[in-house]
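One file, structure01.txt, is given below (compact mmCIF, N, CA and C atoms).
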```txt
# COMPACT_ATOMS: atom_id res chain seq x y z
N MET B 380 -14.48 -14.70 2.11
CA MET B 380 -13.50 -13.67 1.80
C MET B 380 -13.17 -12.90 3.07
N VAL B 381 -11.90 -12.61 3.24
CA VAL B 381 -11.40 -11.86 4.39
C VAL B 381 -11.27 -10.39 3.98
N THR B 382 -11.73 -9.49 4.83
CA THR B 382 -11.57 -8.06 4.60
C THR B 382 -10.77 -7.47 5.75
N VAL B 383 -9.76 -6.70 5.41
CA VAL B 383 -8.94 -6.00 6.40
C VAL B 383 -9.05 -4.51 6.08
N GLU B 384 -9.46 -3.72 7.07
CA GLU B 384 -9.56 -2.28 6.89
C GLU B 384 -8.85 -1.59 8.04
N ARG B 385 -8.04 -0.62 7.68
CA ARG B 385 -7.37 0.21 8.68
C ARG B 385 -7.41 1.64 8.17
N SER B 386 -7.39 2.57 9.10
CA SER B 386 -7.34 3.98 8.73
C SER B 386 -6.58 4.74 9.79
N THR B 387 -6.11 5.91 9.38
CA THR B 387 -5.35 6.75 10.29
C THR B 387 -5.44 8.20 9.84
N ILE B 388 -4.98 9.08 10.70
CA ILE B 388 -4.84 10.49 10.38
C ILE B 388 -3.35 10.81 10.38
N LEU B 389 -2.90 11.42 9.30
CA LEU B 389 -1.51 11.87 9.20
C LEU B 389 -1.47 13.37 9.46
N GLU B 390 -0.52 13.81 10.21
CA GLU B 390 -0.38 15.23 10.55
C GLU B 390 0.37 15.98 9.46
N HIS B 391 -0.02 15.70 8.22
CA HIS B 391 0.61 16.32 7.05
C HIS B 391 -0.48 16.61 6.03
N PRO B 392 -0.31 17.65 5.21
CA PRO B 392 -1.29 17.94 4.16
C PRO B 392 -1.37 16.79 3.15
N ILE B 393 -2.51 16.66 2.53
CA ILE B 393 -2.74 15.57 1.59
C ILE B 393 -1.73 15.58 0.44
N ASP B 394 -1.33 16.75 -0.03
CA ASP B 394 -0.37 16.80 -1.14
C ASP B 394 0.96 16.17 -0.76
N GLU B 395 1.42 16.39 0.46
CA GLU B 395 2.67 15.78 0.91
C GLU B 395 2.54 14.26 0.98
N ALA B 396 1.46 13.79 1.57
CA ALA B 396 1.26 12.35 1.70
C ALA B 396 1.07 11.69 0.34
N TRP B 397 0.27 12.30 -0.53
CA TRP B 397 0.00 11.71 -1.84
C TRP B 397 1.25 11.64 -2.70
N THR B 398 2.10 12.64 -2.62
CA THR B 398 3.35 12.63 -3.39
C THR B 398 4.15 11.37 -3.09
N VAL B 399 4.18 10.95 -1.86
CA VAL B 399 4.92 9.74 -1.48
C VAL B 399 4.14 8.47 -1.84
N LEU B 400 2.87 8.43 -1.46
CA LEU B 400 2.09 7.21 -1.62
C LEU B 400 1.72 6.88 -3.06
N ARG B 401 1.58 7.85 -3.93
CA ARG B 401 1.17 7.57 -5.31
C ARG B 401 2.26 6.87 -6.11
N ASP B 402 3.50 6.91 -5.63
CA ASP B 402 4.61 6.22 -6.31
C ASP B 402 4.50 4.73 -6.03
N PHE B 403 3.95 4.00 -6.98
CA PHE B 403 3.70 2.57 -6.81
C PHE B 403 4.99 1.78 -6.59
N ASN B 404 6.10 2.34 -6.96
CA ASN B 404 7.39 1.67 -6.76
C ASN B 404 8.21 2.32 -5.66
N GLY B 405 7.61 3.20 -4.86
CA GLY B 405 8.37 3.92 -3.85
C GLY B 405 8.29 3.35 -2.46
N HIS B 406 7.57 2.26 -2.27
CA HIS B 406 7.36 1.74 -0.92
C HIS B 406 8.63 1.21 -0.27
N ASP B 407 9.66 0.91 -1.05
CA ASP B 407 10.92 0.47 -0.45
C ASP B 407 11.66 1.62 0.23
N ARG B 408 11.25 2.85 -0.06
CA ARG B 408 11.88 4.01 0.58
C ARG B 408 11.25 4.36 1.92
N TRP B 409 10.06 3.79 2.22
CA TRP B 409 9.42 4.15 3.49
C TRP B 409 8.88 2.97 4.28
N HIS B 410 8.50 1.86 3.65
CA HIS B 410 7.92 0.74 4.41
C HIS B 410 9.02 -0.16 4.95
N PRO B 411 9.03 -0.43 6.24
CA PRO B 411 10.13 -1.19 6.85
C PRO B 411 10.23 -2.64 6.40
N ALA B 412 9.17 -3.21 5.86
CA ALA B 412 9.21 -4.62 5.43
C ALA B 412 9.83 -4.79 4.05
N ILE B 413 9.96 -3.71 3.28
CA ILE B 413 10.40 -3.80 1.89
C ILE B 413 11.89 -3.50 1.78
N ALA B 414 12.64 -4.46 1.25
CA ALA B 414 14.08 -4.28 1.08
C ALA B 414 14.40 -3.59 -0.24
N GLU B 415 13.73 -4.02 -1.32
CA GLU B 415 13.96 -3.40 -2.63
C GLU B 415 12.76 -3.66 -3.52
N SER B 416 12.59 -2.78 -4.51
CA SER B 416 11.45 -2.88 -5.40
C SER B 416 11.82 -2.38 -6.79
N GLN B 417 11.21 -2.97 -7.79
CA GLN B 417 11.39 -2.49 -9.16
C GLN B 417 10.13 -2.76 -9.97
N ILE B 418 9.91 -1.92 -10.95
CA ILE B 418 8.80 -2.12 -11.87
C ILE B 418 9.31 -2.97 -13.03
N GLU B 419 8.59 -4.03 -13.32
CA GLU B 419 9.00 -4.94 -14.38
C GLU B 419 8.90 -4.27 -15.75
N ARG B 420 9.77 -4.68 -16.63
CA ARG B 420 9.79 -4.24 -18.03
C ARG B 420 10.02 -2.75 -18.20
N GLY B 421 10.53 -2.09 -17.16
CA GLY B 421 10.88 -0.68 -17.25
C GLY B 421 9.72 0.28 -17.45
N ARG B 422 8.52 -0.16 -17.12
CA ARG B 422 7.35 0.71 -17.29
C ARG B 422 7.35 1.79 -16.20
N PRO B 423 6.72 2.92 -16.46
CA PRO B 423 6.58 3.94 -15.43
C PRO B 423 5.73 3.42 -14.26
N ALA B 424 6.05 3.85 -13.06
CA ALA B 424 5.36 3.37 -11.86
C ALA B 424 3.94 3.89 -11.73
N ASP B 425 3.56 4.84 -12.56
CA ASP B 425 2.19 5.35 -12.49
C ASP B 425 1.33 4.90 -13.68
N THR B 426 1.77 3.85 -14.36
CA THR B 426 1.02 3.29 -15.48
C THR B 426 0.14 2.16 -14.98
N VAL B 427 -1.16 2.32 -15.14
CA VAL B 427 -2.08 1.25 -14.75
C VAL B 427 -1.70 -0.01 -15.52
N GLY B 428 -1.60 -1.10 -14.80
CA GLY B 428 -1.18 -2.37 -15.38
C GLY B 428 0.26 -2.72 -15.10
N CYS B 429 1.07 -1.74 -14.65
CA CYS B 429 2.46 -2.06 -14.36
C CYS B 429 2.54 -3.03 -13.18
N VAL B 430 3.63 -3.78 -13.13
CA VAL B 430 3.82 -4.79 -12.09
C VAL B 430 5.08 -4.44 -11.30
N ARG B 431 4.93 -4.38 -9.99
CA ARG B 431 6.12 -4.19 -9.15
C ARG B 431 6.51 -5.54 -8.57
N ARG B 432 7.78 -5.79 -8.63
CA ARG B 432 8.36 -7.00 -8.05
C ARG B 432 9.25 -6.53 -6.92
N PHE B 433 8.98 -7.02 -5.72
CA PHE B 433 9.77 -6.55 -4.60
C PHE B 433 10.16 -7.68 -3.66
N ARG B 434 11.24 -7.41 -2.95
CA ARG B 434 11.77 -8.36 -1.98
C ARG B 434 11.58 -7.80 -0.59
N LEU B 435 11.05 -8.65 0.28
CA LEU B 435 10.88 -8.26 1.67
C LEU B 435 12.20 -8.41 2.41
N GLU B 436 12.28 -7.83 3.58
CA GLU B 436 13.47 -7.94 4.42
C GLU B 436 13.80 -9.39 4.74
N ASP B 437 12.79 -10.27 4.79
CA ASP B 437 13.04 -11.68 5.10
C ASP B 437 13.45 -12.49 3.87
N GLY B 438 13.56 -11.83 2.71
CA GLY B 438 13.98 -12.50 1.48
C GLY B 438 12.85 -12.95 0.57
N SER B 439 11.62 -12.92 1.04
CA SER B 439 10.47 -13.31 0.22
C SER B 439 10.29 -12.34 -0.95
N VAL B 440 9.83 -12.88 -2.07
CA VAL B 440 9.60 -12.06 -3.26
C VAL B 440 8.10 -12.06 -3.57
N LEU B 441 7.57 -10.88 -3.84
CA LEU B 441 6.16 -10.72 -4.18
C LEU B 441 6.05 -9.90 -5.45
N ARG B 442 4.90 -10.04 -6.12
CA ARG B 442 4.58 -9.24 -7.30
C ARG B 442 3.17 -8.70 -7.14
N GLU B 443 3.01 -7.40 -7.45
CA GLU B 443 1.71 -6.75 -7.37
C GLU B 443 1.49 -5.93 -8.63
N GLN B 444 0.23 -5.83 -9.04
CA GLN B 444 -0.12 -5.09 -10.24
C GLN B 444 -1.00 -3.90 -9.90
N LEU B 445 -0.65 -2.74 -10.46
CA LEU B 445 -1.44 -1.53 -10.27
C LEU B 445 -2.71 -1.62 -11.11
N LEU B 446 -3.86 -1.54 -10.46
CA LEU B 446 -5.15 -1.67 -11.14
C LEU B 446 -5.80 -0.33 -11.44
N GLU B 447 -5.54 0.65 -10.59
CA GLU B 447 -6.17 1.97 -10.72
C GLU B 447 -5.26 2.99 -10.04
N LEU B 448 -5.19 4.18 -10.61
CA LEU B 448 -4.47 5.29 -10.00
C LEU B 448 -5.21 6.57 -10.37
N SER B 449 -5.69 7.28 -9.35
CA SER B 449 -6.45 8.50 -9.60
C SER B 449 -5.91 9.64 -8.75
N ASP B 450 -5.33 10.63 -9.42
CA ASP B 450 -4.88 11.82 -8.71
C ASP B 450 -6.07 12.66 -8.25
N ILE B 451 -7.18 12.59 -8.97
CA ILE B 451 -8.37 13.33 -8.58
C ILE B 451 -8.95 12.78 -7.28
N GLU B 452 -9.01 11.46 -7.18
CA GLU B 452 -9.54 10.82 -5.96
C GLU B 452 -8.46 10.54 -4.93
N THR B 453 -7.21 10.85 -5.24
CA THR B 453 -6.05 10.49 -4.41
C THR B 453 -6.22 9.06 -3.90
N ALA B 454 -6.26 8.15 -4.87
CA ALA B 454 -6.48 6.73 -4.55
C ALA B 454 -5.80 5.85 -5.59
N TYR B 455 -5.46 4.66 -5.17
CA TYR B 455 -5.01 3.64 -6.12
C TYR B 455 -5.41 2.27 -5.58
N SER B 456 -5.48 1.33 -6.49
CA SER B 456 -5.76 -0.05 -6.09
C SER B 456 -4.77 -0.97 -6.80
N TYR B 457 -4.55 -2.11 -6.21
CA TYR B 457 -3.59 -3.06 -6.75
C TYR B 457 -4.00 -4.47 -6.34
N CYS B 458 -3.47 -5.44 -7.05
CA CYS B 458 -3.72 -6.84 -6.70
C CYS B 458 -2.41 -7.57 -6.54
N LEU B 459 -2.46 -8.62 -5.80
CA LEU B 459 -1.29 -9.46 -5.54
C LEU B 459 -1.26 -10.57 -6.58
N LEU B 460 -0.15 -10.67 -7.30
CA LEU B 460 0.00 -11.69 -8.33
C LEU B 460 0.71 -12.93 -7.81
N ASP B 461 1.80 -12.71 -7.06
CA ASP B 461 2.61 -13.81 -6.53
C ASP B 461 3.03 -13.51 -5.10
N THR B 462 2.89 -14.50 -4.24
CA THR B 462 3.30 -14.36 -2.85
C THR B 462 3.59 -15.74 -2.28
N PRO B 463 4.52 -15.83 -1.34
CA PRO B 463 4.82 -17.14 -0.73
C PRO B 463 3.83 -17.52 0.38
N ILE B 464 2.96 -16.61 0.78
CA ILE B 464 2.00 -16.95 1.84
C ILE B 464 0.64 -17.27 1.21
N PRO B 465 -0.18 -18.03 1.91
CA PRO B 465 -1.45 -18.49 1.31
C PRO B 465 -2.56 -17.42 1.31
N ILE B 466 -2.31 -16.38 0.54
CA ILE B 466 -3.31 -15.34 0.30
C ILE B 466 -3.64 -15.40 -1.19
N PHE B 467 -4.93 -15.49 -1.49
CA PHE B 467 -5.37 -15.63 -2.87
C PHE B 467 -6.38 -14.52 -3.20
N ASN B 468 -6.37 -14.10 -4.45
CA ASN B 468 -7.33 -13.09 -4.94
C ASN B 468 -7.27 -11.79 -4.13
N TYR B 469 -6.08 -11.42 -3.70
CA TYR B 469 -5.91 -10.21 -2.89
C TYR B 469 -6.05 -8.96 -3.77
N VAL B 470 -6.92 -8.06 -3.36
CA VAL B 470 -7.07 -6.75 -3.99
C VAL B 470 -7.12 -5.72 -2.87
N SER B 471 -6.40 -4.64 -3.05
CA SER B 471 -6.32 -3.61 -2.02
C SER B 471 -6.55 -2.24 -2.63
N ARG B 472 -7.05 -1.33 -1.80
CA ARG B 472 -7.25 0.05 -2.23
C ARG B 472 -6.75 1.00 -1.14
N VAL B 473 -5.99 1.98 -1.57
CA VAL B 473 -5.48 3.04 -0.71
C VAL B 473 -6.19 4.32 -1.13
N ARG B 474 -6.71 5.05 -0.14
CA ARG B 474 -7.43 6.29 -0.45
C ARG B 474 -7.04 7.34 0.58
N LEU B 475 -6.73 8.51 0.11
CA LEU B 475 -6.43 9.65 0.98
C LEU B 475 -7.53 10.70 0.81
N LEU B 476 -7.88 11.33 1.92
CA LEU B 476 -8.86 12.42 1.91
C LEU B 476 -8.30 13.57 2.75
N PRO B 477 -8.58 14.80 2.36
CA PRO B 477 -8.11 15.91 3.17
C PRO B 477 -8.92 16.06 4.45
N VAL B 478 -8.22 16.34 5.53
CA VAL B 478 -8.85 16.73 6.79
C VAL B 478 -8.54 18.22 6.92
N THR B 479 -9.56 19.04 6.71
CA THR B 479 -9.31 20.48 6.66
C THR B 479 -9.05 21.09 8.03
N ASP B 480 -9.47 20.42 9.07
CA ASP B 480 -9.20 20.89 10.43
C ASP B 480 -7.75 20.56 10.77
N GLY B 481 -6.88 21.50 10.51
CA GLY B 481 -5.47 21.30 10.80
C GLY B 481 -4.65 20.90 9.59
N ASP B 482 -5.24 20.88 8.40
CA ASP B 482 -4.52 20.53 7.17
C ASP B 482 -3.83 19.18 7.31
N ARG B 483 -4.62 18.18 7.67
CA ARG B 483 -4.12 16.82 7.86
C ARG B 483 -4.69 15.92 6.77
N THR B 484 -4.34 14.63 6.85
CA THR B 484 -4.77 13.67 5.83
C THR B 484 -5.37 12.44 6.49
N TYR B 485 -6.51 12.03 5.99
CA TYR B 485 -7.14 10.77 6.39
C TYR B 485 -6.70 9.72 5.37
N TRP B 486 -6.16 8.60 5.86
CA TRP B 486 -5.68 7.52 5.01
C TRP B 486 -6.48 6.27 5.33
N HIS B 487 -7.15 5.73 4.33
CA HIS B 487 -7.92 4.49 4.46
C HIS B 487 -7.26 3.44 3.57
N TRP B 488 -7.02 2.26 4.15
CA TRP B 488 -6.37 1.16 3.42
C TRP B 488 -7.23 -0.08 3.64
N ARG B 489 -7.71 -0.65 2.57
CA ARG B 489 -8.57 -1.83 2.66
C ARG B 489 -8.07 -2.91 1.72
N GLY B 490 -8.08 -4.13 2.21
CA GLY B 490 -7.72 -5.27 1.37
C GLY B 490 -8.71 -6.40 1.56
N ARG B 491 -8.89 -7.16 0.49
CA ARG B 491 -9.76 -8.34 0.55
C ARG B 491 -9.01 -9.49 -0.09
N PHE B 492 -9.17 -10.67 0.50
CA PHE B 492 -8.49 -11.84 -0.04
C PHE B 492 -9.16 -13.12 0.44
N ASP B 493 -8.81 -14.20 -0.21
CA ASP B 493 -9.21 -15.53 0.20
C ASP B 493 -7.99 -16.23 0.77
N THR B 494 -8.24 -17.26 1.58
CA THR B 494 -7.15 -18.06 2.11
C THR B 494 -7.69 -19.44 2.44
N ARG B 495 -6.80 -20.30 2.91
CA ARG B 495 -7.20 -21.66 3.26
C ARG B 495 -8.03 -21.64 4.55
N PRO B 496 -8.90 -22.63 4.72
CA PRO B 496 -9.70 -22.71 5.95
C PRO B 496 -8.81 -22.69 7.20
N GLY B 497 -9.24 -21.91 8.17
CA GLY B 497 -8.52 -21.84 9.44
C GLY B 497 -7.39 -20.83 9.49
N GLU B 498 -7.09 -20.18 8.38
CA GLU B 498 -5.96 -19.24 8.36
C GLU B 498 -6.38 -17.78 8.26
N ALA B 499 -7.67 -17.52 8.18
CA ALA B 499 -8.16 -16.16 7.96
C ALA B 499 -7.74 -15.20 9.07
N ALA B 500 -7.93 -15.57 10.32
CA ALA B 500 -7.63 -14.65 11.42
C ALA B 500 -6.15 -14.30 11.48
N ALA B 501 -5.30 -15.29 11.35
CA ALA B 501 -3.85 -15.04 11.41
C ALA B 501 -3.38 -14.17 10.26
N LEU B 502 -3.90 -14.43 9.06
CA LEU B 502 -3.47 -13.64 7.91
C LEU B 502 -4.07 -12.24 7.92
N ALA B 503 -5.28 -12.10 8.43
CA ALA B 503 -5.87 -10.77 8.58
C ALA B 503 -5.03 -9.93 9.56
N ALA B 504 -4.59 -10.55 10.63
CA ALA B 504 -3.73 -9.84 11.59
C ALA B 504 -2.39 -9.48 10.96
N LEU B 505 -1.82 -10.39 10.19
CA LEU B 505 -0.55 -10.12 9.52
C LEU B 505 -0.69 -8.93 8.57
N VAL B 506 -1.70 -8.94 7.73
CA VAL B 506 -1.91 -7.84 6.78
C VAL B 506 -2.19 -6.54 7.53
N GLY B 507 -3.08 -6.58 8.50
CA GLY B 507 -3.46 -5.38 9.24
C GLY B 507 -2.34 -4.78 10.05
N ASP B 508 -1.54 -5.62 10.67
CA ASP B 508 -0.48 -5.12 11.55
C ASP B 508 0.87 -4.94 10.84
N ALA B 509 1.36 -5.99 10.20
CA ALA B 509 2.70 -5.95 9.61
C ALA B 509 2.77 -5.16 8.31
N ILE B 510 1.63 -5.00 7.65
CA ILE B 510 1.63 -4.24 6.39
C ILE B 510 0.98 -2.88 6.60
N TYR B 511 -0.30 -2.86 6.95
CA TYR B 511 -1.01 -1.59 7.02
C TYR B 511 -0.53 -0.71 8.18
N GLN B 512 -0.59 -1.22 9.40
CA GLN B 512 -0.19 -0.39 10.54
C GLN B 512 1.28 -0.03 10.48
N ALA B 513 2.12 -0.97 10.10
CA ALA B 513 3.55 -0.67 9.95
C ALA B 513 3.76 0.41 8.89
N GLY B 514 2.94 0.38 7.84
CA GLY B 514 3.02 1.41 6.81
C GLY B 514 2.61 2.78 7.32
N PHE B 515 1.53 2.82 8.10
CA PHE B 515 1.10 4.09 8.70
C PHE B 515 2.22 4.69 9.54
N ASP B 516 2.79 3.85 10.40
CA ASP B 516 3.85 4.33 11.30
C ASP B 516 5.07 4.81 10.51
N ALA B 517 5.41 4.06 9.48
CA ALA B 517 6.59 4.40 8.68
C ALA B 517 6.39 5.69 7.87
N ILE B 518 5.20 5.88 7.33
CA ILE B 518 4.93 7.12 6.57
C ILE B 518 5.02 8.34 7.48
N ARG B 519 4.54 8.19 8.72
CA ARG B 519 4.67 9.31 9.65
C ARG B 519 6.13 9.71 9.82
N SER B 520 6.99 8.74 10.04
CA SER B 520 8.41 9.01 10.21
C SER B 520 9.02 9.58 8.93
N HIS B 521 8.65 8.99 7.81
CA HIS B 521 9.19 9.44 6.52
C HIS B 521 8.80 10.89 6.23
N LEU B 522 7.54 11.22 6.42
CA LEU B 522 7.09 12.59 6.17
C LEU B 522 7.70 13.58 7.15
N ALA B 523 7.85 13.17 8.39
CA ALA B 523 8.48 14.05 9.38
C ALA B 523 9.93 14.31 9.00
N GLY B 524 10.62 13.29 8.51
CA GLY B 524 12.01 13.45 8.06
C GLY B 524 12.12 14.34 6.84
N ALA B 525 11.14 14.29 5.95
CA ALA B 525 11.15 15.11 4.75
C ALA B 525 10.98 16.59 5.08
N ARG B 526 10.26 16.86 6.17
CA ARG B 526 10.03 18.25 6.60
C ARG B 526 11.26 18.83 7.27
N ALA B 527 12.06 17.98 7.89
CA ALA B 527 13.21 18.47 8.68
C ALA B 527 14.31 19.02 7.81
```

Take the structure in the file and give it back as C-alpha cells.
Amino acid sequence: MVTVERSTILEHPIDEAWTVLRDFNGHDRWHPAIAESQIERGRPADTVGCVRRFRLEDGSVLREQLLELSDIETAYSYCLLDTPIPIFNYVSRVRLLPVTDGDRTYWHWRGRFDTRPGEAAALAALVGDAIYQAGFDAIRSHLAGARA
C-alpha cells in the first residue's frame, strides 16, 4: 500500500479554511485541476455517503464518496470510486487544526492506495504534487481573494 502525506500552514483562521474545505462539492471553485463537479442524485454535499462526480481540466472523469465529515474534528474522509489512472482502494483524510500562534491553520492531507507493481513512486508523486500541493497553493490564493 502506498501512503502519501502532506501538510501545510495556512495564514488564515481555521473557521475560514474549514468553511471552504468542508464543502465536498466545492473543490471546483478552488482546485486548479478540477473543471466542474456535481453531487450525484441531488444529495447535499455534506451528507456522508454522497458521491461527487467531477471532470478534470484534462477531461478525465472521477467519482469520490464522502465517508466521514466532522465539524467538531474539522475533518473529512473520502474514497475514490472511479478513476482512469491505476489507483485502487484509495482512501484519503483531510484534517484541519488551529494554530493559535497567529490564528493560523494546520492542514494535514493523507491518502492511501494500491497500484500496479512499479507504479507506486510515480503515482505517489502525482497525488502529492498535482493534487495535495496544488490544493494547498490554490487554497492560499482562494482565501486571500476572499479577504480582499

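We find CA of Asp461 in chain B and atom C of Gln444 in chain B to be spaced 11.1 Å apart.
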
(request) Pick out each residue of chain B that DSSP on the backbone tags as alpha helix (DSSP H); I need them as a ChimeraX atom specification. (result) /B:393-400,499-504,513-526

(message) So that I can see what lies close to Ser456 in chain B, please list as a list in words the residues with an atom at most 7 Å from it, counting only C-alpha atoms and leaving out residues fewer than 3 positions away in the same chain.
(response) Leu445, Leu446, Glu447, Leu448, Ser471, Arg472 and Val473 of chain B

Could you take the residues named above and write them with N, CA and C atoms, as an mmCIF file, in the frame of the given file?
```cif
data_model
loop_
_atom_site.group_PDB
_atom_site.id
_atom_site.type_symbol
_atom_site.label_atom_id
_atom_site.label_comp_id
_atom_site.auth_asym_id
_atom_site.auth_seq_id
_atom_site.Cartn_x
_atom_site.Cartn_y
_atom_site.Cartn_z
ATOM 1 N N LEU B 445 -0.650 -2.740 -10.460
ATOM 2 C CA LEU B 445 -1.440 -1.530 -10.270
ATOM 3 C C LEU B 445 -2.710 -1.620 -11.110
ATOM 4 N N LEU B 446 -3.860 -1.540 -10.460
ATOM 5 C CA LEU B 446 -5.150 -1.670 -11.140
ATOM 6 C C LEU B 446 -5.800 -0.330 -11.440
ATOM 7 N N GLU B 447 -5.540 0.650 -10.590
ATOM 8 C CA GLU B 447 -6.170 1.970 -10.720
ATOM 9 C C GLU B 447 -5.260 2.990 -10.040
ATOM 10 N N LEU B 448 -5.190 4.180 -10.610
ATOM 11 C CA LEU B 448 -4.470 5.290 -10.000
ATOM 12 C C LEU B 448 -5.210 6.570 -10.370
ATOM 13 N N SER B 471 -6.400 -4.640 -3.050
ATOM 14 C CA SER B 471 -6.320 -3.610 -2.020
ATOM 15 C C SER B 471 -6.550 -2.240 -2.630
ATOM 16 N N ARG B 472 -7.050 -1.330 -1.800
ATOM 17 C CA ARG B 472 -7.250 0.050 -2.230
ATOM 18 C C ARG B 472 -6.750 1.000 -1.140
ATOM 19 N N VAL B 473 -5.990 1.980 -1.570
ATOM 20 C CA VAL B 473 -5.480 3.040 -0.710
ATOM 21 C C VAL B 473 -6.190 4.320 -1.130
#
```

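Taking only C-alpha atoms, the non-local environment of Leu476 in chain B within 8 Å (same-chain residues fewer than 4 positions away omitted) comprises Ile393, Thr453, Thr484, Tyr485 and Trp486 of chain B.
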
Could the residues in this selection be written to a file with N, CA and C atoms, as an mmCIF file, in the frame of the given file?
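Full text of again30.cif as output:
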```cif
data_model
loop_
_atom_site.group_PDB
_atom_site.id
_atom_site.type_symbol
_atom_site.label_atom_id
_atom_site.label_comp_id
_atom_site.auth_asym_id
_atom_site.auth_seq_id
_atom_site.Cartn_x
_atom_site.Cartn_y
_atom_site.Cartn_z
ATOM 1 N N ILE B 393 -2.510 16.660 2.530
ATOM 2 C CA ILE B 393 -2.740 15.570 1.590
ATOM 3 C C ILE B 393 -1.730 15.580 0.440
ATOM 4 N N THR B 453 -7.210 10.850 -5.240
ATOM 5 C CA THR B 453 -6.050 10.490 -4.410
ATOM 6 C C THR B 453 -6.220 9.060 -3.900
ATOM 7 N N THR B 484 -4.340 14.630 6.850
ATOM 8 C CA THR B 484 -4.770 13.670 5.830
ATOM 9 C C THR B 484 -5.370 12.440 6.490
ATOM 10 N N TYR B 485 -6.510 12.030 5.990
ATOM 11 C CA TYR B 485 -7.140 10.770 6.390
ATOM 12 C C TYR B 485 -6.700 9.720 5.370
ATOM 13 N N TRP B 486 -6.160 8.600 5.860
ATOM 14 C CA TRP B 486 -5.680 7.520 5.010
ATOM 15 C C TRP B 486 -6.480 6.270 5.330
#
```

(request) Enter the distance from atom C of Ala454 in chain B to atom C of Glu419 in chain B, in Å, rounded to one decimal. (result) 20.5 Å

(request) Go ahead and compute the interatomic distance for atom C of Ile413 in chain B and atom C of Pro496 in chain B, in Å to one decimal. (result)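 Distance between the two atoms: 28.7 Å.
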
(request) From chain B, collect each residue whose DSSP state is strand (DSSP E or B) and return the set as a ChimeraX atom specification. (result) /B:381-389,413-418,430-435,440-449,454-461,466-478,483-494

(request) For Leu441 in chain B, work out the shell of residues within 8 Å, counting only N, CA and C atoms and skipping chain neighbours fewer than 4 positions away, then give it as a ChimeraX atom specification. (result) /B:431-435,459-463

(request) Find, counting only C-alpha atoms, the residue in B:Pro392, B:Pro411, B:Pro423, B:Gly438 that gets nearest to Asp482 in chain B. (result) B:Pro392

(request) Would you mind telling me which residue in B:Ala412, B:Leu400, B:Asn468, B:Gly507 lies nearest to Thr494 in chain B when using only N, CA and C atoms? (result)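 Ranking B:Ala412, B:Leu400, B:Asn468, B:Gly507 by distance to Thr494 in chain B, first place goes to B:Asn468.
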
(request) Would you please work out which residue, of B:Arg483, B:His406, B:Arg495, B:Arg422, is nearest to Asp394 in chain B when using only N, CA and C atoms? (result) B:Arg483
